[in-house]
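Please read the structure below before turning to the comments.
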Amino acid sequence: MRPLALVTALLVGLIAAAVVVLASRGEGAEARSTGSVTVLGDSLNVGIEPYLADELEGWTISNHSVVGRRGEEGLAELEAVGGDLAPVVVISLGTNDPQADVDGFRRLVDDVVRLAGPTRCVVWSTIWRDGANEGFNDVLRDAESRTRTFAVADWARLVGERPELLASDGVHGTPDGYAERAAQVARIAERCNPAPEPAP
(Lines give C-alpha, C1' and ligand atoms only; values in the text may rest on other atoms or scores of the structure.)
Protein backbone atom coordinates (compact mmCIF):
# COMPACT_ATOMS: atom_id res chain seq x y z
CA MET A 1 0.00 0.00 0.00
CA ARG A 2 2.83 2.37 0.78
CA PRO A 3 4.27 2.28 -2.77
CA LEU A 4 0.77 2.94 -4.13
CA ALA A 5 0.30 5.84 -1.74
CA LEU A 6 3.68 7.23 -2.78
CA VAL A 7 2.83 6.98 -6.47
CA THR A 8 -0.53 8.64 -5.85
CA ALA A 9 1.12 11.47 -3.94
CA LEU A 10 3.66 11.98 -6.72
CA LEU A 11 0.91 12.06 -9.36
CA VAL A 12 -1.10 14.60 -7.36
CA GLY A 13 2.03 16.74 -7.00
CA LEU A 14 2.81 16.57 -10.71
CA ILE A 15 -0.74 17.50 -11.64
CA ALA A 16 -0.68 20.45 -9.26
CA ALA A 17 2.64 21.62 -10.69
CA ALA A 18 1.28 21.32 -14.23
CA VAL A 19 -1.76 23.40 -13.28
CA VAL A 20 0.50 26.12 -11.85
CA VAL A 21 2.68 26.17 -14.99
CA LEU A 22 -0.32 26.34 -17.31
CA ALA A 23 -1.89 29.09 -15.25
CA SER A 24 1.31 31.13 -15.29
CA ARG A 25 1.58 30.69 -19.05
CA GLY A 26 -2.02 31.79 -19.49
CA GLU A 27 -1.36 35.07 -17.71
CA GLY A 28 1.17 36.19 -20.30
CA ALA A 29 0.12 34.11 -23.27
CA GLU A 30 -1.03 37.12 -25.25
CA ALA A 31 2.31 38.95 -25.06
CA ARG A 32 5.35 37.98 -27.12
CA SER A 33 8.82 38.47 -25.70
CA THR A 34 10.56 38.89 -29.07
CA GLY A 35 9.67 39.85 -32.60
CA SER A 36 10.40 42.35 -35.32
CA VAL A 37 8.82 45.65 -36.21
CA THR A 38 9.03 48.20 -39.02
CA VAL A 39 8.56 51.78 -37.81
CA LEU A 40 7.45 54.02 -40.66
CA GLY A 41 6.12 57.54 -40.60
CA ASP A 42 6.80 61.13 -39.62
CA SER A 43 8.53 63.01 -36.80
CA LEU A 44 6.24 61.50 -34.18
CA ASN A 45 7.65 58.08 -35.01
CA VAL A 46 11.18 59.53 -35.08
CA GLY A 47 10.50 60.74 -31.55
CA ILE A 48 9.59 57.30 -30.19
CA GLU A 49 12.50 55.40 -31.75
CA PRO A 50 14.86 55.34 -28.73
CA TYR A 51 12.01 54.66 -26.30
CA LEU A 52 10.54 51.90 -28.43
CA ALA A 53 13.91 50.14 -28.46
CA ASP A 54 13.80 50.12 -24.65
CA GLU A 55 10.19 48.93 -24.55
CA LEU A 56 10.77 46.15 -27.10
CA GLU A 57 14.11 44.93 -25.79
CA GLY A 58 15.34 41.98 -27.84
CA TRP A 59 13.16 42.87 -30.83
CA THR A 60 14.52 43.73 -34.27
CA ILE A 61 13.44 47.28 -35.11
CA SER A 62 13.78 48.78 -38.58
CA ASN A 63 13.24 52.54 -38.65
CA HIS A 64 11.94 54.28 -41.79
CA SER A 65 10.62 57.56 -40.44
CA VAL A 66 11.36 61.08 -41.64
CA VAL A 67 10.51 64.47 -40.14
CA GLY A 68 7.73 66.25 -42.03
CA ARG A 69 6.63 63.22 -44.04
CA ARG A 70 3.20 63.38 -45.65
CA GLY A 71 0.90 60.45 -46.23
CA GLU A 72 1.68 59.84 -49.89
CA GLU A 73 5.41 59.94 -49.14
CA GLY A 74 4.95 57.37 -46.40
CA LEU A 75 2.97 55.17 -48.76
CA ALA A 76 5.81 55.34 -51.32
CA GLU A 77 8.29 54.31 -48.62
CA LEU A 78 6.06 51.42 -47.62
CA GLU A 79 6.00 50.23 -51.22
CA ALA A 80 9.78 50.56 -51.44
CA VAL A 81 10.33 48.45 -48.33
CA GLY A 82 7.94 45.89 -49.78
CA GLY A 83 8.57 42.29 -48.76
CA ASP A 84 11.12 43.37 -46.15
CA LEU A 85 8.34 44.67 -43.90
CA ALA A 86 8.36 43.10 -40.45
CA PRO A 87 5.34 41.21 -39.06
CA VAL A 88 4.43 44.36 -37.11
CA VAL A 89 4.29 47.72 -38.91
CA VAL A 90 4.06 50.84 -36.72
CA ILE A 91 2.62 53.76 -38.70
CA SER A 92 2.51 57.49 -37.91
CA LEU A 93 1.05 59.33 -40.88
CA GLY A 94 -1.63 61.98 -41.27
CA THR A 95 -0.32 64.77 -39.04
CA ASN A 96 1.33 66.54 -41.99
CA ASP A 97 -1.61 66.07 -44.37
CA PRO A 98 -4.48 68.51 -45.01
CA GLN A 99 -6.52 68.05 -41.84
CA ALA A 100 -9.91 68.39 -43.54
CA ASP A 101 -9.22 65.74 -46.20
CA VAL A 102 -10.89 62.81 -44.46
CA ASP A 103 -11.56 60.96 -47.73
CA GLY A 104 -7.90 61.25 -48.70
CA PHE A 105 -6.85 59.93 -45.31
CA ARG A 106 -9.27 57.01 -45.65
CA ARG A 107 -7.68 56.09 -48.98
CA LEU A 108 -4.26 56.29 -47.37
CA VAL A 109 -5.28 53.95 -44.55
CA ASP A 110 -6.85 51.48 -47.00
CA ASP A 111 -3.69 51.54 -49.14
CA VAL A 112 -1.45 50.90 -46.14
CA VAL A 113 -3.61 47.97 -45.01
CA ARG A 114 -3.52 46.55 -48.54
CA LEU A 115 0.27 46.88 -48.81
CA ALA A 116 0.85 45.38 -45.36
CA GLY A 117 -1.28 42.40 -46.32
CA PRO A 118 -3.19 39.93 -44.13
CA THR A 119 -0.13 38.44 -42.43
CA ARG A 120 1.15 41.64 -40.79
CA CYS A 121 -0.22 43.77 -37.99
CA VAL A 122 -0.52 47.51 -38.54
CA VAL A 123 -0.36 49.70 -35.42
CA TRP A 124 -1.37 53.30 -36.19
CA SER A 125 -1.43 56.17 -33.69
CA THR A 126 -4.37 58.57 -33.64
CA ILE A 127 -3.82 62.13 -34.84
CA TRP A 128 -3.39 65.17 -32.62
CA ARG A 129 -2.53 68.48 -34.23
CA ASP A 130 -3.53 71.35 -31.97
CA GLY A 131 -6.34 69.04 -30.88
CA ALA A 132 -7.68 65.66 -31.89
CA ASN A 133 -8.57 65.26 -35.56
CA GLU A 134 -11.77 63.28 -34.96
CA GLY A 135 -12.39 62.82 -38.68
CA PHE A 136 -9.05 61.07 -39.18
CA ASN A 137 -9.30 59.21 -35.88
CA ASP A 138 -12.75 57.87 -36.78
CA VAL A 139 -11.20 56.49 -39.99
CA LEU A 140 -8.58 54.69 -37.91
CA ARG A 141 -11.14 53.28 -35.49
CA ASP A 142 -13.29 52.11 -38.39
CA ALA A 143 -10.27 50.31 -39.89
CA GLU A 144 -9.66 48.65 -36.53
CA SER A 145 -13.26 47.44 -36.36
CA ARG A 146 -13.07 45.98 -39.90
CA THR A 147 -9.58 44.47 -39.90
CA ARG A 148 -8.33 42.00 -37.29
CA THR A 149 -4.70 42.89 -38.03
CA PHE A 150 -5.18 46.64 -37.55
CA ALA A 151 -4.84 48.26 -34.13
CA VAL A 152 -5.14 51.84 -32.96
CA ALA A 153 -2.72 53.36 -30.44
CA ASP A 154 -4.73 56.21 -28.98
CA TRP A 155 -2.19 59.03 -28.75
CA ALA A 156 -4.95 61.64 -29.05
CA ARG A 157 -6.74 60.34 -25.99
CA LEU A 158 -3.47 60.07 -24.07
CA VAL A 159 -2.45 63.69 -24.64
CA GLY A 160 -6.04 64.89 -24.27
CA GLU A 161 -6.02 63.46 -20.77
CA ARG A 162 -2.43 64.47 -20.03
CA PRO A 163 -1.57 67.68 -21.93
CA GLU A 164 1.78 67.91 -20.15
CA LEU A 165 2.95 65.14 -22.52
CA LEU A 166 2.73 67.59 -25.45
CA ALA A 167 5.53 69.94 -26.49
CA SER A 168 4.78 73.65 -26.70
CA ASP A 169 4.04 73.39 -30.45
CA GLY A 170 0.89 71.40 -29.69
CA VAL A 171 1.91 68.56 -32.02
CA HIS A 172 5.01 66.76 -30.84
CA GLY A 173 5.68 64.98 -27.60
CA THR A 174 7.91 65.93 -24.72
CA PRO A 175 10.49 63.28 -23.79
CA ASP A 176 7.95 61.87 -21.33
CA GLY A 177 5.29 62.08 -24.03
CA TYR A 178 7.36 60.09 -26.50
CA ALA A 179 8.15 57.54 -23.81
CA GLU A 180 4.44 57.10 -23.09
CA ARG A 181 3.62 56.91 -26.79
CA ALA A 182 6.29 54.24 -27.27
CA ALA A 183 4.96 52.24 -24.34
CA GLN A 184 1.44 52.44 -25.80
CA VAL A 185 2.65 51.20 -29.19
CA ALA A 186 4.81 48.45 -27.66
CA ARG A 187 1.93 46.98 -25.64
CA ILE A 188 -0.08 46.58 -28.82
CA ALA A 189 2.86 45.22 -30.83
CA GLU A 190 3.56 42.55 -28.21
CA ARG A 191 0.01 41.25 -28.49
CA CYS A 192 -0.22 41.35 -32.25
CA ASN A 193 -1.12 38.01 -33.85
CA PRO A 194 -1.13 38.35 -37.64
CA ALA A 195 -3.59 36.20 -39.49
CA PRO A 196 -2.17 33.02 -41.02
CA GLU A 197 -1.63 32.71 -44.76
CA PRO A 198 -4.92 31.91 -46.52
CA ALA A 199 -5.30 28.26 -47.46
CA PRO A 200 -4.56 27.60 -51.16
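Ordered as shown in the C-alpha coordinates, chains take letters A, B, and onward, while each chain numbers its residues from 1 and ligands are numbered from 1 in the order shown.
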Out of stretch 82-193 of chain A, which residues get strand (DSSP E or B) from DSSP, as a PyMOL selection string?
-> chain A and resi 88-92+121-125+128+132+150-153+166+173
Could you pull out the helix (DSSP H, G or I) residues of chain A from DSSP and send them as a VMD selection string?
-> chain A and resid 2 to 27 43 to 55 71 to 84 102 to 116 134 to 146 155 to 161 163 to 165 175 to 190
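Summary of the local environment: counting only C-alpha atoms, residues at most 12 Å from A:Glu73, other than itself and those fewer than 6 positions away along its chain, are Leu40, Gly41, Asp42, His64, Ser65, Val66, Val67, Glu79, Ala80, Ser92, Leu93, Gly94, Asn96, Asp97, Leu108 and Val112 of chain A.
Of the residues under consideration (A:Val102, A:Ala183, A:Cys121, A:Val89), A:Cys121 shows the shortest atom-to-atom contact distance to A:Thr147 when counting only C-alpha atoms.
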Long-range neighbours of A:Asp138 as a PDB file with N, CA, C and O atoms, in the first residue's frame, 10 Å cut-off, only C-alpha atoms, 6 positions minimum in chain:
ATOM      1  N   VAL A 102     -10.595  64.104 -45.079  1.00  0.00           N
ATOM      2  CA  VAL A 102     -10.891  62.809 -44.462  1.00  0.00           C
ATOM      3  C   VAL A 102     -10.932  61.700 -45.509  1.00  0.00           C
ATOM      4  O   VAL A 102     -10.439  60.587 -45.276  1.00  0.00           O
ATOM      5  N   ARG A 106      -8.680  58.353 -45.593  1.00  0.00           N
ATOM      6  CA  ARG A 106      -9.266  57.011 -45.654  1.00  0.00           C
ATOM      7  C   ARG A 106      -8.609  56.192 -46.753  1.00  0.00           C
ATOM      8  O   ARG A 106      -8.298  55.000 -46.557  1.00  0.00           O
ATOM      9  N   THR A 126      -3.381  57.540 -33.318  1.00  0.00           N
ATOM     10  CA  THR A 126      -4.368  58.574 -33.644  1.00  0.00           C
ATOM     11  C   THR A 126      -3.691  59.939 -33.776  1.00  0.00           C
ATOM     12  O   THR A 126      -2.573  60.147 -33.306  1.00  0.00           O
ATOM     13  N   GLU A 144      -9.890  49.634 -37.597  1.00  0.00           N
ATOM     14  CA  GLU A 144      -9.665  48.651 -36.526  1.00  0.00           C
ATOM     15  C   GLU A 144     -10.868  47.721 -36.381  1.00  0.00           C
ATOM     16  O   GLU A 144     -10.709  46.507 -36.157  1.00  0.00           O
TER      17      GLU A 144
END
Using only C-alpha atoms, which residues sit within 9 Å of A:Ala143 once same-chain residues fewer than 5 positions away are excluded, as a VMD selection string?
-> chain A and resid 106 109 to 110 113 138 148 150 to 152
Now that the selection is made, can you save its residues with N, CA and C atoms as an mmCIF file, in the first residue's frame?
data_model
loop_
_atom_site.group_PDB
_atom_site.id
_atom_site.type_symbol
_atom_site.label_atom_id
_atom_site.label_comp_id
_atom_site.auth_asym_id
_atom_site.auth_seq_id
_atom_site.Cartn_x
_atom_site.Cartn_y
_atom_site.Cartn_z
ATOM 1 N N ARG A 106 -8.680 58.353 -45.593
ATOM 2 C CA ARG A 106 -9.266 57.011 -45.654
ATOM 3 C C ARG A 106 -8.609 56.192 -46.753
ATOM 4 N N VAL A 109 -5.194 55.068 -45.494
ATOM 5 C CA VAL A 109 -5.280 53.946 -44.550
ATOM 6 C C VAL A 109 -5.572 52.649 -45.296
ATOM 7 N N ASP A 110 -6.518 52.688 -46.221
ATOM 8 C CA ASP A 110 -6.848 51.481 -46.997
ATOM 9 C C ASP A 110 -5.637 50.986 -47.791
ATOM 10 N N VAL A 113 -3.126 49.302 -45.403
ATOM 11 C CA VAL A 113 -3.611 47.966 -45.015
ATOM 12 C C VAL A 113 -3.403 46.981 -46.162
ATOM 13 N N ASP A 138 -11.615 58.753 -36.501
ATOM 14 C CA ASP A 138 -12.746 57.870 -36.781
ATOM 15 C C ASP A 138 -12.407 56.901 -37.915
ATOM 16 N N ARG A 148 -8.846 42.595 -38.525
ATOM 17 C CA ARG A 148 -8.331 42.000 -37.289
ATOM 18 C C ARG A 148 -6.842 42.266 -37.092
ATOM 19 N N PHE A 150 -5.373 45.197 -37.672
ATOM 20 C CA PHE A 150 -5.176 46.641 -37.554
ATOM 21 C C PHE A 150 -5.516 47.058 -36.131
ATOM 22 N N ALA A 151 -4.610 47.813 -35.509
ATOM 23 C CA ALA A 151 -4.842 48.257 -34.133
ATOM 24 C C ALA A 151 -4.515 49.734 -33.999
ATOM 25 N N VAL A 152 -5.307 50.419 -33.199
ATOM 26 C CA VAL A 152 -5.136 51.841 -32.961
ATOM 27 C C VAL A 152 -4.427 52.066 -31.631
#
What separates atom CA of A:Ile127 and atom CA of A:Arg107 is a distance of 15.9 Å
